[in-house]
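Asks: My structure is in model-v5.cif, and what it holds is mmCIF, C-alpha atoms:
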data_entry
#
loop_
_atom_site.label_atom_id
_atom_site.label_comp_id
_atom_site.auth_asym_id
_atom_site.auth_seq_id
_atom_site.Cartn_x
_atom_site.Cartn_y
_atom_site.Cartn_z
CA MET D 1 21.44 -1.49 9.40
CA PRO D 2 18.95 -3.66 7.52
CA PRO D 3 20.40 -6.85 6.02
CA SER D 4 21.34 -6.85 2.34
CA ILE D 5 20.18 -9.40 -0.21
CA CYS D 6 22.32 -10.45 -3.16
CA ALA D 7 20.46 -10.75 -6.45
CA ASP D 8 21.39 -10.40 -10.10
CA HIS D 9 17.92 -9.31 -11.15
CA VAL D 10 14.96 -7.64 -9.45
CA ILE D 11 11.30 -7.89 -10.45
CA SER D 12 8.80 -5.42 -8.97
CA THR D 13 5.04 -5.93 -9.04
CA ASP D 14 3.38 -2.59 -8.17
CA PHE D 15 0.90 -0.69 -10.35
CA ALA D 16 -0.18 2.93 -10.00
CA LEU D 17 -3.25 4.58 -11.50
CA PHE D 18 -2.31 6.94 -14.29
CA PRO D 19 -4.69 9.64 -15.58
CA SER D 20 -3.66 9.47 -19.24
CA CYS D 21 -3.06 6.89 -21.93
CA ILE D 22 -1.07 3.92 -20.63
CA ASP D 23 2.54 3.69 -21.76
CA ARG D 24 3.55 0.64 -23.71
CA VAL D 25 6.09 -1.37 -21.78
CA ARG D 26 9.45 -0.06 -22.98
CA GLY D 27 7.95 0.46 -26.43
CA ALA D 28 6.63 -3.10 -26.66
CA THR D 29 3.10 -3.86 -27.82
CA SER D 30 1.01 -6.95 -28.15
CA SER D 31 2.17 -7.25 -31.75
CA ASP D 32 5.72 -7.68 -30.46
CA ASN D 33 4.61 -10.78 -28.58
CA PRO D 34 4.36 -13.87 -30.80
CA THR D 35 1.49 -15.23 -28.69
CA THR D 36 -0.88 -12.39 -29.58
CA GLY D 37 -2.71 -11.17 -32.63
CA ASN D 38 -6.06 -10.07 -34.02
CA GLY D 39 -7.98 -13.25 -33.43
CA HIS D 40 -7.75 -16.88 -32.40
CA VAL D 41 -5.88 -19.51 -34.39
CA SER D 42 -7.98 -22.68 -34.68
CA ASN D 43 -6.72 -25.44 -36.97
CA GLY D 44 -4.58 -22.89 -38.78
CA VAL D 45 -7.50 -20.50 -39.44
CA ARG D 46 -7.63 -17.16 -37.61
CA THR D 47 -11.13 -16.29 -36.40
CA LYS D 48 -12.75 -13.23 -34.86
CA ALA D 49 -16.16 -12.13 -33.64
CA GLY D 50 -18.54 -9.83 -35.41
CA PRO D 51 -18.71 -7.66 -37.29
CA SER D 52 -20.63 -5.52 -34.84
CA HIS D 53 -23.53 -3.19 -35.54
CA LEU D 54 -21.35 -0.14 -34.79
CA GLN D 55 -20.32 1.80 -37.87
CA HIS D 56 -17.28 3.92 -38.71
CA THR D 57 -17.60 7.68 -38.11
CA GLU D 58 -15.49 10.18 -40.02
CA ASP D 59 -13.02 12.11 -37.87
CA ASN D 60 -14.55 15.50 -38.71
CA GLU D 61 -18.06 14.51 -37.58
CA LEU D 62 -19.42 15.21 -34.10
CA HIS D 63 -19.21 11.93 -32.21
CA ASP D 64 -21.72 10.81 -29.61
CA LEU D 65 -18.92 9.07 -27.68
CA ILE D 66 -15.15 8.76 -27.80
CA CYS D 67 -13.46 6.22 -25.53
CA ILE D 68 -9.78 6.77 -24.78
CA GLY D 69 -8.16 3.38 -24.45
CA PHE D 70 -9.49 0.09 -25.80
CA GLY D 71 -8.92 -2.35 -22.99
CA PRO D 72 -11.56 -4.46 -21.17
CA ALA D 73 -13.57 -1.43 -19.96
CA SER D 74 -13.96 0.17 -23.39
CA LEU D 75 -14.44 -3.22 -25.02
CA ALA D 76 -17.32 -3.88 -22.61
CA ILE D 77 -18.86 -0.54 -23.64
CA ALA D 78 -18.53 -1.52 -27.29
CA VAL D 79 -20.22 -4.88 -26.63
CA ALA D 80 -23.03 -3.21 -24.67
CA LEU D 81 -23.67 -0.76 -27.51
CA HIS D 82 -23.72 -3.60 -30.03
CA ASP D 83 -26.19 -5.55 -27.89
CA ALA D 84 -28.39 -2.46 -27.52
CA LEU D 85 -28.73 -2.38 -31.31
CA ASP D 86 -28.89 -6.11 -31.80
CA GLU D 87 -32.55 -7.06 -31.55
CA SER D 88 -33.99 -4.75 -34.18
CA HIS D 89 -30.85 -3.04 -35.52
CA ALA D 90 -32.88 0.12 -35.02
CA PRO D 91 -31.48 2.69 -32.56
CA THR D 92 -34.92 4.29 -32.14
CA LYS D 93 -35.92 1.52 -29.71
CA SER D 94 -32.72 0.84 -27.83
CA LEU D 95 -31.12 4.31 -27.99
CA PRO D 96 -34.08 6.69 -28.35
CA ARG D 97 -32.04 9.90 -27.90
CA LEU D 98 -30.33 9.23 -31.23
CA GLY D 99 -33.54 9.26 -33.20
CA ALA D 100 -33.32 7.11 -36.32
CA ARG D 101 -29.58 7.18 -36.80
CA PRO D 102 -26.91 4.79 -35.48
CA PRO D 103 -24.53 6.03 -32.75
CA LYS D 104 -21.34 7.78 -33.80
CA ILE D 105 -18.59 6.11 -31.79
CA ALA D 106 -14.79 5.96 -31.82
CA PHE D 107 -12.30 4.12 -29.64
CA LEU D 108 -8.71 5.44 -29.57
CA GLU D 109 -5.99 3.01 -28.50
CA ARG D 110 -2.25 3.63 -28.25
CA GLN D 111 -1.20 0.03 -28.83
CA ARG D 112 -0.81 -1.37 -32.33
CA CYS D 113 -3.49 -3.98 -31.72
CA PHE D 114 -5.57 -5.27 -28.84
CA GLY D 115 -3.61 -6.76 -25.95
CA TRP D 116 -4.36 -7.45 -22.29
CA HIS D 117 -1.58 -8.09 -19.76
CA THR D 118 0.56 -9.65 -22.48
CA GLY D 119 3.58 -9.65 -20.17
CA MET D 120 1.82 -11.85 -17.61
CA LEU D 121 0.37 -14.61 -19.80
CA LEU D 122 2.22 -17.27 -17.85
CA GLU D 123 1.78 -20.95 -18.49
CA GLY D 124 -0.92 -22.34 -16.21
CA ALA D 125 -1.92 -18.95 -14.75
CA LYS D 126 -5.68 -18.75 -14.27
CA MET D 127 -8.23 -16.00 -13.97
CA GLN D 128 -9.22 -14.87 -10.49
CA ILE D 129 -12.88 -14.32 -11.39
CA SER D 130 -15.54 -16.53 -12.94
CA PHE D 131 -15.89 -16.53 -16.73
CA VAL D 132 -19.58 -15.72 -16.13
CA LYS D 133 -18.38 -12.18 -15.34
CA ASP D 134 -17.29 -11.74 -18.93
CA LEU D 135 -18.03 -8.80 -21.23
CA ALA D 136 -21.72 -9.61 -21.67
CA THR D 137 -23.24 -12.59 -19.82
CA LEU D 138 -24.52 -10.93 -16.64
CA ARG D 139 -26.10 -8.14 -18.70
CA ASN D 140 -27.25 -10.19 -21.69
CA PRO D 141 -26.67 -13.96 -21.69
CA ARG D 142 -27.87 -14.12 -25.32
CA SER D 143 -25.14 -11.77 -26.56
CA GLU D 144 -22.87 -13.18 -29.25
CA PHE D 145 -19.91 -11.76 -27.30
CA THR D 146 -20.18 -14.10 -24.30
CA PHE D 147 -17.28 -16.31 -23.28
CA LEU D 148 -19.41 -19.41 -23.91
CA ASN D 149 -20.14 -18.29 -27.47
CA TYR D 150 -16.41 -17.68 -27.96
CA LEU D 151 -15.77 -21.29 -26.91
CA HIS D 152 -18.57 -22.53 -29.17
CA ARG D 153 -17.30 -20.58 -32.19
CA ASN D 154 -13.80 -21.94 -31.63
CA ASN D 155 -14.89 -25.57 -31.15
CA ARG D 156 -13.81 -25.88 -27.51
CA LEU D 157 -17.08 -25.65 -25.57
CA VAL D 158 -17.39 -29.38 -24.85
CA GLN D 159 -13.74 -29.74 -23.85
CA PHE D 160 -13.89 -26.66 -21.61
CA THR D 161 -16.97 -28.09 -19.92
CA ASN D 162 -14.99 -31.22 -19.14
CA LEU D 163 -12.54 -29.10 -17.13
CA SER D 164 -15.29 -28.49 -14.53
CA THR D 165 -14.03 -25.00 -13.74
CA PHE D 166 -15.29 -21.41 -13.75
CA LEU D 167 -11.71 -20.11 -13.99
CA PRO D 168 -10.20 -20.28 -17.50
CA GLN D 169 -6.51 -19.90 -18.12
CA ARG D 170 -5.39 -16.31 -18.52
CA ILE D 171 -4.08 -16.99 -22.04
CA GLU D 172 -7.55 -18.16 -23.06
CA TYR D 173 -9.36 -15.21 -21.52
CA GLU D 174 -6.99 -12.78 -23.21
CA ASP D 175 -7.68 -14.59 -26.47
CA TYR D 176 -11.42 -14.29 -25.82
CA MET D 177 -11.14 -10.53 -25.46
CA ARG D 178 -9.01 -10.25 -28.60
CA TRP D 179 -11.66 -12.32 -30.38
CA CYS D 180 -14.31 -9.82 -29.23
CA ALA D 181 -12.13 -6.85 -30.18
CA GLY D 182 -11.88 -8.21 -33.71
CA GLY D 183 -15.57 -7.47 -34.18
CA PHE D 184 -15.09 -3.73 -33.66
CA GLU D 185 -12.38 -2.91 -36.19
CA GLU D 186 -14.70 -0.39 -37.88
CA VAL D 187 -14.77 1.86 -34.81
CA VAL D 188 -11.31 1.35 -33.25
CA GLU D 189 -8.30 3.47 -34.18
CA TYR D 190 -5.03 1.89 -33.03
CA ASN D 191 -1.68 3.70 -32.78
CA GLN D 192 -3.55 6.71 -31.38
CA GLU D 193 -1.91 8.49 -28.44
CA VAL D 194 -4.39 10.96 -26.94
CA LEU D 195 -2.61 14.17 -25.99
CA GLU D 196 -5.42 16.46 -24.87
CA VAL D 197 -9.12 16.58 -24.05
CA SER D 198 -10.49 20.12 -23.89
CA PRO D 199 -14.03 21.55 -23.53
CA ILE D 200 -15.74 23.44 -26.34
CA LYS D 201 -18.32 26.13 -25.51
CA SER D 202 -20.47 28.15 -27.86
CA ASN D 203 -20.11 31.02 -25.35
CA TYR D 204 -16.86 31.19 -23.44
CA ARG D 205 -18.66 32.75 -20.47
CA SER D 206 -21.15 29.92 -20.27
CA LYS D 207 -20.82 27.11 -17.74
CA VAL D 208 -22.31 24.69 -20.26
CA VAL D 209 -19.88 22.52 -22.25
CA ASP D 210 -21.29 21.81 -25.71
CA CYS D 211 -18.79 19.10 -26.55
CA PHE D 212 -15.13 18.11 -26.16
CA LYS D 213 -12.15 18.26 -28.49
CA VAL D 214 -9.96 15.16 -28.40
CA ARG D 215 -6.50 15.67 -29.88
CA SER D 216 -4.42 12.58 -30.70
CA LEU D 217 -1.17 11.61 -32.39
CA ASN D 218 -0.82 8.64 -34.70
CA THR D 219 2.37 7.04 -33.36
CA ARG D 220 3.02 5.34 -36.68
CA THR D 221 2.45 8.20 -39.17
CA ARG D 222 3.12 11.06 -36.68
CA MET D 223 -0.08 12.77 -37.89
CA PHE D 224 -2.27 14.78 -35.49
CA THR D 225 -6.05 14.46 -35.48
CA ASN D 226 -8.74 16.52 -33.75
CA ARG D 227 -12.10 14.90 -33.06
CA ARG D 228 -15.20 16.29 -31.35
CA ALA D 229 -17.46 14.32 -29.02
CA ARG D 230 -20.48 14.97 -26.83
CA HIS D 231 -19.19 12.44 -24.30
CA VAL D 232 -15.69 11.16 -23.50
CA VAL D 233 -14.78 8.05 -21.49
CA ILE D 234 -11.23 7.74 -20.18
CA ALA D 235 -10.40 4.06 -19.69
CA VAL D 236 -6.62 3.84 -19.79
CA GLY D 237 -5.92 1.29 -17.06
CA GLY D 238 -2.85 1.45 -14.86
CA LYS D 239 0.78 2.33 -15.33
CA PRO D 240 3.58 0.11 -14.01
CA HIS D 241 5.09 1.63 -10.88
CA ILE D 242 8.55 0.81 -9.55
CA PRO D 243 9.67 2.46 -6.28
CA LYS D 244 12.33 5.13 -6.75
CA ASN D 245 14.73 3.41 -4.38
CA LEU D 246 15.11 0.60 -6.93
CA HIS D 247 16.85 3.10 -9.25
CA HIS D 248 14.74 2.28 -12.27
CA PRO D 249 15.41 2.36 -15.21
CA HIS D 250 18.08 -0.28 -14.77
CA PRO D 251 18.96 -3.03 -17.27
CA ARG D 252 18.08 -5.77 -14.78
CA VAL D 253 15.18 -4.20 -12.87
CA LEU D 254 11.81 -4.70 -14.49
CA HIS D 255 8.12 -4.60 -13.67
CA SER D 256 5.97 -7.72 -13.55
CA SER D 257 4.02 -6.49 -16.59
CA GLU D 258 7.25 -6.89 -18.60
CA TYR D 259 8.01 -10.36 -17.29
CA SER D 260 7.20 -12.80 -20.10
CA ILE D 261 8.24 -10.27 -22.77
CA TYR D 262 11.70 -9.36 -21.50
CA VAL D 263 12.88 -12.05 -19.09
CA PRO D 264 13.86 -14.49 -21.90
CA SER D 265 16.06 -11.81 -23.49
CA ILE D 266 17.65 -10.78 -20.15
CA LEU D 267 18.11 -14.24 -18.65
CA THR D 268 19.14 -16.02 -21.82
CA ASP D 269 20.50 -19.29 -20.39
CA PRO D 270 17.81 -21.53 -18.82
CA THR D 271 20.49 -23.67 -17.15
CA LYS D 272 22.40 -20.85 -15.45
CA ALA D 273 22.34 -20.37 -11.67
CA TYR D 274 20.87 -16.86 -11.68
CA LYS D 275 20.03 -15.02 -8.46
CA ILE D 276 16.63 -13.36 -8.77
CA ALA D 277 14.63 -11.24 -6.34
CA VAL D 278 10.88 -10.82 -6.71
CA VAL D 279 9.42 -7.90 -4.73
CA GLY D 280 5.74 -8.06 -3.78
CA ALA D 281 3.15 -10.19 -2.00
CA GLY D 282 0.26 -10.23 -4.48
CA GLN D 283 -0.93 -12.61 -7.17
CA SER D 284 1.54 -11.41 -9.82
CA ALA D 285 4.52 -11.77 -7.49
CA ALA D 286 3.44 -15.27 -6.46
CA GLU D 287 2.88 -16.33 -10.08
CA ILE D 288 6.33 -15.10 -11.13
CA PHE D 289 7.99 -16.68 -8.08
CA HIS D 290 6.33 -19.98 -8.98
CA ASN D 291 7.05 -19.69 -12.71
CA LEU D 292 10.76 -18.91 -12.32
CA HIS D 293 11.45 -22.40 -10.99
CA SER D 294 10.23 -24.04 -14.21
CA ARG D 295 12.00 -21.52 -16.46
CA TYR D 296 15.31 -21.54 -14.56
CA PRO D 297 15.56 -24.70 -12.45
CA ASN D 298 19.09 -23.88 -11.28
CA ALA D 299 18.34 -20.32 -10.21
CA LYS D 300 18.10 -19.10 -6.64
CA THR D 301 14.95 -17.02 -6.17
CA SER D 302 13.90 -14.85 -3.25
CA LEU D 303 10.39 -13.51 -2.76
CA ILE D 304 10.61 -10.33 -0.66
CA ILE D 305 7.44 -9.34 1.21
CA LYS D 306 6.61 -6.69 3.80
CA GLY D 307 4.25 -8.79 5.88
CA ALA D 308 4.68 -11.95 7.89
CA ALA D 309 3.29 -14.28 5.21
CA LEU D 310 1.56 -14.52 1.86
CA ARG D 311 -2.16 -14.19 2.42
CA PRO D 312 -5.07 -15.72 0.47
CA SER D 313 -7.54 -13.64 -1.48
CA ASP D 314 -11.04 -13.47 -0.07
CA ASP D 315 -13.42 -14.80 -2.71
CA SER D 316 -16.15 -15.91 -0.31
CA PRO D 317 -19.71 -15.31 -1.60
CA PHE D 318 -20.82 -12.54 0.78
CA VAL D 319 -17.64 -10.55 0.30
CA ASN D 320 -17.82 -11.05 -3.47
CA GLU D 321 -21.14 -9.23 -3.48
CA ILE D 322 -19.17 -5.98 -3.40
CA PHE D 323 -18.68 -6.51 -7.15
CA ASP D 324 -22.41 -6.94 -7.86
CA PRO D 325 -23.77 -4.31 -10.28
CA ASP D 326 -26.43 -3.13 -7.84
CA ARG D 327 -23.74 -2.22 -5.28
CA VAL D 328 -22.59 0.72 -7.41
CA ASP D 329 -25.36 3.02 -6.20
CA ASP D 330 -24.70 2.12 -2.56
CA VAL D 331 -21.01 2.99 -2.86
CA PHE D 332 -21.76 6.19 -4.75
CA HIS D 333 -24.04 7.52 -2.01
CA GLN D 334 -21.69 6.69 0.88
CA SER D 335 -19.79 9.42 2.63
CA SER D 336 -16.07 9.58 1.89
CA GLU D 337 -15.26 8.28 5.38
CA VAL D 338 -17.54 5.24 5.07
CA ARG D 339 -16.32 4.54 1.55
CA SER D 340 -12.64 4.70 2.56
CA ALA D 341 -13.23 2.34 5.48
CA ALA D 342 -15.10 -0.10 3.23
CA LEU D 343 -12.40 -0.06 0.58
CA LYS D 344 -9.77 -0.79 3.21
CA LEU D 345 -11.76 -3.80 4.46
CA ASP D 346 -12.30 -5.07 0.92
CA ARG D 347 -8.66 -4.88 -0.21
CA GLY D 348 -8.30 -8.56 0.60
CA THR D 349 -10.38 -9.45 -2.44
CA ASN D 350 -7.77 -8.28 -4.91
CA TYR D 351 -4.74 -6.37 -3.54
CA GLY D 352 -1.64 -7.92 -1.97
CA VAL D 353 -3.27 -11.35 -1.83
CA VAL D 354 -2.91 -14.67 -3.66
CA ARG D 355 -5.41 -17.31 -4.69
CA LEU D 356 -5.40 -20.19 -2.21
CA GLU D 357 -4.68 -22.83 -4.86
CA LEU D 358 -1.42 -21.12 -5.83
CA LEU D 359 -0.45 -20.56 -2.19
CA GLU D 360 -0.80 -24.27 -1.51
CA ARG D 361 1.32 -25.18 -4.57
CA ILE D 362 4.08 -22.78 -3.49
CA TYR D 363 4.02 -24.09 0.07
CA GLU D 364 4.27 -27.66 -1.17
CA ASP D 365 7.25 -26.75 -3.37
CA LEU D 366 9.01 -25.08 -0.45
CA TYR D 367 8.29 -28.08 1.74
CA THR D 368 9.88 -30.36 -0.86
CA GLN D 369 13.09 -28.36 -0.45
CA ARG D 370 13.22 -29.44 3.18
CA ILE D 371 13.27 -33.05 1.98
CA LYS D 372 15.86 -32.59 -0.75
CA TYR D 373 18.31 -30.27 1.04
CA ARG D 374 19.64 -30.76 4.55
CA ASN D 375 21.22 -27.32 4.68
CA GLU D 376 18.84 -24.37 4.48
CA ASP D 377 21.50 -22.34 2.68
CA GLU D 378 21.11 -24.68 -0.29
CA TRP D 379 17.43 -23.97 -0.78
CA PRO D 380 16.86 -22.60 -4.32
CA ARG D 381 13.73 -20.67 -3.28
CA ARG D 382 13.02 -18.64 -0.19
CA ILE D 383 10.34 -16.25 1.05
CA LEU D 384 11.90 -13.39 2.98
CA ASN D 385 9.23 -11.79 5.16
CA HIS D 386 9.20 -8.54 7.16
CA ARG D 387 11.43 -6.96 4.52
CA THR D 388 11.40 -3.54 2.87
CA VAL D 389 13.74 -2.87 -0.04
CA THR D 390 15.63 0.34 0.73
CA SER D 391 18.07 0.40 -2.21
CA ILE D 392 19.88 -1.67 -4.78
CA THR D 393 23.61 -1.56 -5.49
CA ASP D 394 25.62 -3.04 -8.33
CA THR D 395 28.30 -5.42 -7.09
CA PRO D 396 31.30 -6.99 -8.84
CA ASP D 397 29.27 -10.19 -9.19
CA SER D 398 26.48 -8.37 -11.08
CA PRO D 399 27.98 -5.61 -13.26
CA ASN D 400 25.85 -3.38 -15.45
CA THR D 401 27.02 -4.96 -18.68
#
Mind turning this structure into structure tokens?
Replies:
Amino acid sequence: MPPSICADHVISTDFALFPSCIDRVRGATSSDNPTTGNGHVSNGVRTKAGPSHLQHTEDNELHDLICIGFGPASLAIAVALHDALDESHAPTKSLPRLGARPPKIAFLERQRCFGWHTGMLLEGAKMQISFVKDLATLRNPRSEFTFLNYLHRNNRLVQFTNLSTFLPQRIEYEDYMRWCAGGFEEVVEYNQEVLEVSPIKSNYRSKVVDCFKVRSLNTRTRMFTNRRARHVVIAVGGKPHIPKNLHHPHPRVLHSSEYSIYVPSILTDPTKAYKIAVVGAGQSAAEIFHNLHSRYPNAKTSLIIKGAALRPSDDSPFVNEIFDPDRVDDVFHQSSEVRSAALKLDRGTNYGVVRLELLERIYEDLYTQRIKYRNEDEWPRRILNHRTVTSITDTPDSPNT
């Protein structure tokens, strides 16, 4: 039989793609998190970008585009549309198919306000990609929605430059995106849960779809709304996934996306000697494993991984070219066999891997344990490799209450 591991709490780190609007984490939204809001607080004054050139469209009008979800992907679309109208404010030049009128756009978001990975805004956690790959710079460095302009508008450009880094903290990048989102309030409808997207044809026998009907529910007022659109973009992100053998939902089993929101309310005593298991070998698992020591210095934490060791992400320049815009066409025209093989080789850029800087910090912390504790059983943190979690069982030491 496989060995058992005693833990009071379990944190899983898997995500699964989900083909509909993303669920809020146990009903929480970014407005439930005191660190988030519609803009950046600078010297007590809340700021935001914009307003953009996009204008509000009435629900009963035929939209040119409806985007379902208003995360980074849809926000990037909004910024690109704004930039397309920016030089002359005349859609006839930048968007000739529209004639002389502005585009009719709507973004439908289930959350109460913009939020990006609010449960993983850990102290000191950094982005894994350069800020140059923001919402606008590589397409239009002169856009007002660049990360550098965000820093300039919030009086931090000089100080950020002094950091000599391309990797901002995650809390700052999330704030940058909320700052951008604040410029599109005219075209974003929050509290909108999209229930159905269905084709509309002038002739039911025709193979041509004239437009789409998008049906949504306002989660605050409980009112239904039908909108029509020529084009629909579904950009709903991922849904937290916890393996069934962890018997979720469980009061002390949570996903990494819930971590900073719910851990303080579950583990209420920072001085208590909790036993915590973190399941996963990727960046999120490593960040939580590292963060738990500062939050709960007396806790005993186990990081459970399938492989032999934590592995570094591959951010070398040639491999990183897979994310270049001009690679899209190459991937699109590949056969399914070639594409699958390429994706498998490229997983090391983002999946089940950890940035080298964090790996080295964790290894140094574990090495320090060897100095402080003579007996290995006394180590407060351990990495348990070659492990697969088969089940969890409540014990007398960790009752459900």
Asks: Could you work out how far atom CA of D:Ala273 lies from atom CA of D:Ile371, giving the answer in Å with one decimal?
Replies: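 Atom-to-atom, atom CA of D:Ile371 to atom CA of D:Ala273, that is 20.7 Å.
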Asks: Applying the PyMOL selection byres ((chain D and resi 331-347) around 12) to the file I just gave you, which residues come out? Please list them as a PyMOL selection string.
Replies: chain D and resi 282+311-316+318-330+348-354
Asks: If the PyMOL selection byres ((chain D and resi 225) around 12) is run on the structure shown, which residues does it catch, given as a list of chain:residue names?
Replies: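 This file gives the following for the PyMOL selection byres ((chain D and resi 225) around 12): D:Glu58, D:Asp59, D:Asn60, D:Leu108, D:Glu189, D:Asn191, D:Gln192, D:Glu193, D:Val194, D:Leu195, D:Glu196, D:Lys213, D:Val214, D:Arg215, D:Ser216, D:Leu217, D:Asn218, D:Thr219, D:Thr221, D:Arg222, D:Met223, D:Phe224, D:Asn226, D:Arg227, D:Arg228.
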Asks: Considering only C-alpha atoms, return as a list of chain:residue names whatever protein or nucleic-acid residues lie within 8 Å of stretch 143-149 of chain D, sequence-local ones (same chain, fewer than 5 positions apart) excluded.
Replies: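 In the requested format, the answer is D:Ala49, D:Val79, D:Asp83, D:Phe131, D:Val132, D:Asp134, D:Leu135, D:Ala136, D:Thr137, D:Leu157, D:Tyr176, D:Cys180.
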Asks: For the residues in that selection, give me C-alpha atoms as a PDB file, in the frame of the given file.
Replies:
ATOM      1  CA  ALA D  49     -16.160 -12.130 -33.640  1.00  0.00           C
ATOM      2  CA  VAL D  79     -20.220  -4.880 -26.630  1.00  0.00           C
ATOM      3  CA  ASP D  83     -26.190  -5.550 -27.890  1.00  0.00           C
ATOM      4  CA  PHE D 131     -15.890 -16.530 -16.730  1.00  0.00           C
ATOM      5  CA  VAL D 132     -19.580 -15.720 -16.130  1.00  0.00           C
ATOM      6  CA  ASP D 134     -17.290 -11.740 -18.930  1.00  0.00           C
ATOM      7  CA  LEU D 135     -18.030  -8.800 -21.230  1.00  0.00           C
ATOM      8  CA  ALA D 136     -21.720  -9.610 -21.670  1.00  0.00           C
ATOM      9  CA  THR D 137     -23.240 -12.590 -19.820  1.00  0.00           C
ATOM     10  CA  LEU D 157     -17.080 -25.650 -25.570  1.00  0.00           C
ATOM     11  CA  TYR D 176     -11.420 -14.290 -25.820  1.00  0.00           C
ATOM     12  CA  CYS D 180     -14.310  -9.820 -29.230  1.00  0.00           C
TER      13      CYS D 180
END
Asks: Can you measure atom CA of D:Ile242 to atom CA of D:Ser257 for me? One decimal in Å is fine.
Replies: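 Result for atom CA of D:Ile242 versus atom CA of D:Ser257: 11.1 Å, one decimal.
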Asks: Select all residues near (-19.4, 10.7, -32.8) (cut-off 9 Å, inclusive, file coordinates), counting only C-alpha atoms, and output them as a short mmCIF file (atom, residue, chain, number, x, y, z; two decimals) with C-alpha atoms, in the frame of the given file.
Replies:
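Here's the written file selection.cif:
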data_model
loop_
_atom_site.label_atom_id
_atom_site.label_comp_id
_atom_site.auth_asym_id
_atom_site.auth_seq_id
_atom_site.Cartn_x
_atom_site.Cartn_y
_atom_site.Cartn_z
CA THR D 57 -17.60 7.68 -38.11
CA GLU D 58 -15.49 10.18 -40.02
CA ASP D 59 -13.02 12.11 -37.87
CA GLU D 61 -18.06 14.51 -37.58
CA LEU D 62 -19.42 15.21 -34.10
CA HIS D 63 -19.21 11.93 -32.21
CA ASP D 64 -21.72 10.81 -29.61
CA LEU D 65 -18.92 9.07 -27.68
CA ILE D 66 -15.15 8.76 -27.80
CA PRO D 103 -24.53 6.03 -32.75
CA LYS D 104 -21.34 7.78 -33.80
CA ILE D 105 -18.59 6.11 -31.79
CA ALA D 106 -14.79 5.96 -31.82
CA ARG D 227 -12.10 14.90 -33.06
CA ARG D 228 -15.20 16.29 -31.35
CA ALA D 229 -17.46 14.32 -29.02
CA ARG D 230 -20.48 14.97 -26.83
CA HIS D 231 -19.19 12.44 -24.30
#
Asks: Of the candidates D:Gly307, D:Pro51, D:Pro168, D:Gly237, which shows the shortest atom-to-atom distance to D:Pro72, using only C-alpha atoms?
Replies: D:Gly237
Asks: May I have the residues at most 7 Å from (-6.9, 1.5, -22.4) in the file's coordinates, counting only C-alpha atoms, as JSON, numbers by chain?
Replies: {"D": [21, 22, 68, 69, 70, 71, 109, 235, 236, 237]}
Asks: Mind giving me the straight-line distance from atom CA of D:His56 to atom CA of D:Cys211 in Å, one decimal?
Replies: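 Here the two named atoms are 19.5 Å from each other.
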Asks: Using the chain letters and numbers from the file, give me the residues hit by the PyMOL selection byres ((chain D and resi 259) around 12), as a count of residues only.
Replies: 40
Asks: Kindly complete stretch 189-199 of chain D to N, CA and C atoms; the output should be written as a short mmCIF file (atom, residue, chain, number, x, y, z; two decimals), keeping the file's coordinate frame.
Replies:
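File part-v2.cif, as written:
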data_model
loop_
_atom_site.label_atom_id
_atom_site.label_comp_id
_atom_site.auth_asym_id
_atom_site.auth_seq_id
_atom_site.Cartn_x
_atom_site.Cartn_y
_atom_site.Cartn_z
N GLU D 189 -9.50 2.91 -33.55
CA GLU D 189 -8.30 3.47 -34.18
C GLU D 189 -7.11 3.12 -33.30
N TYR D 190 -6.24 2.24 -33.78
CA TYR D 190 -5.03 1.89 -33.03
C TYR D 190 -3.91 2.87 -33.37
N ASN D 191 -2.82 2.78 -32.62
CA ASN D 191 -1.68 3.70 -32.78
C ASN D 191 -2.06 5.16 -32.49
N GLN D 192 -3.09 5.36 -31.68
CA GLN D 192 -3.55 6.71 -31.38
C GLN D 192 -3.20 7.08 -29.93
N GLU D 193 -2.28 7.99 -29.76
CA GLU D 193 -1.91 8.49 -28.44
C GLU D 193 -2.67 9.79 -28.19
N VAL D 194 -3.60 9.77 -27.24
CA VAL D 194 -4.39 10.96 -26.94
C VAL D 194 -3.54 11.92 -26.13
N LEU D 195 -3.45 13.15 -26.61
CA LEU D 195 -2.61 14.17 -25.99
C LEU D 195 -3.40 15.17 -25.15
N GLU D 196 -4.66 15.40 -25.54
CA GLU D 196 -5.42 16.46 -24.87
C GLU D 196 -6.92 16.23 -25.04
N VAL D 197 -7.66 16.51 -23.99
CA VAL D 197 -9.12 16.58 -24.05
C VAL D 197 -9.51 17.95 -23.51
N SER D 198 -10.16 18.76 -24.31
CA SER D 198 -10.49 20.12 -23.89
C SER D 198 -11.95 20.42 -24.19
N PRO D 199 -12.61 21.22 -23.33
CA PRO D 199 -14.03 21.55 -23.53
C PRO D 199 -14.22 22.58 -24.64
#
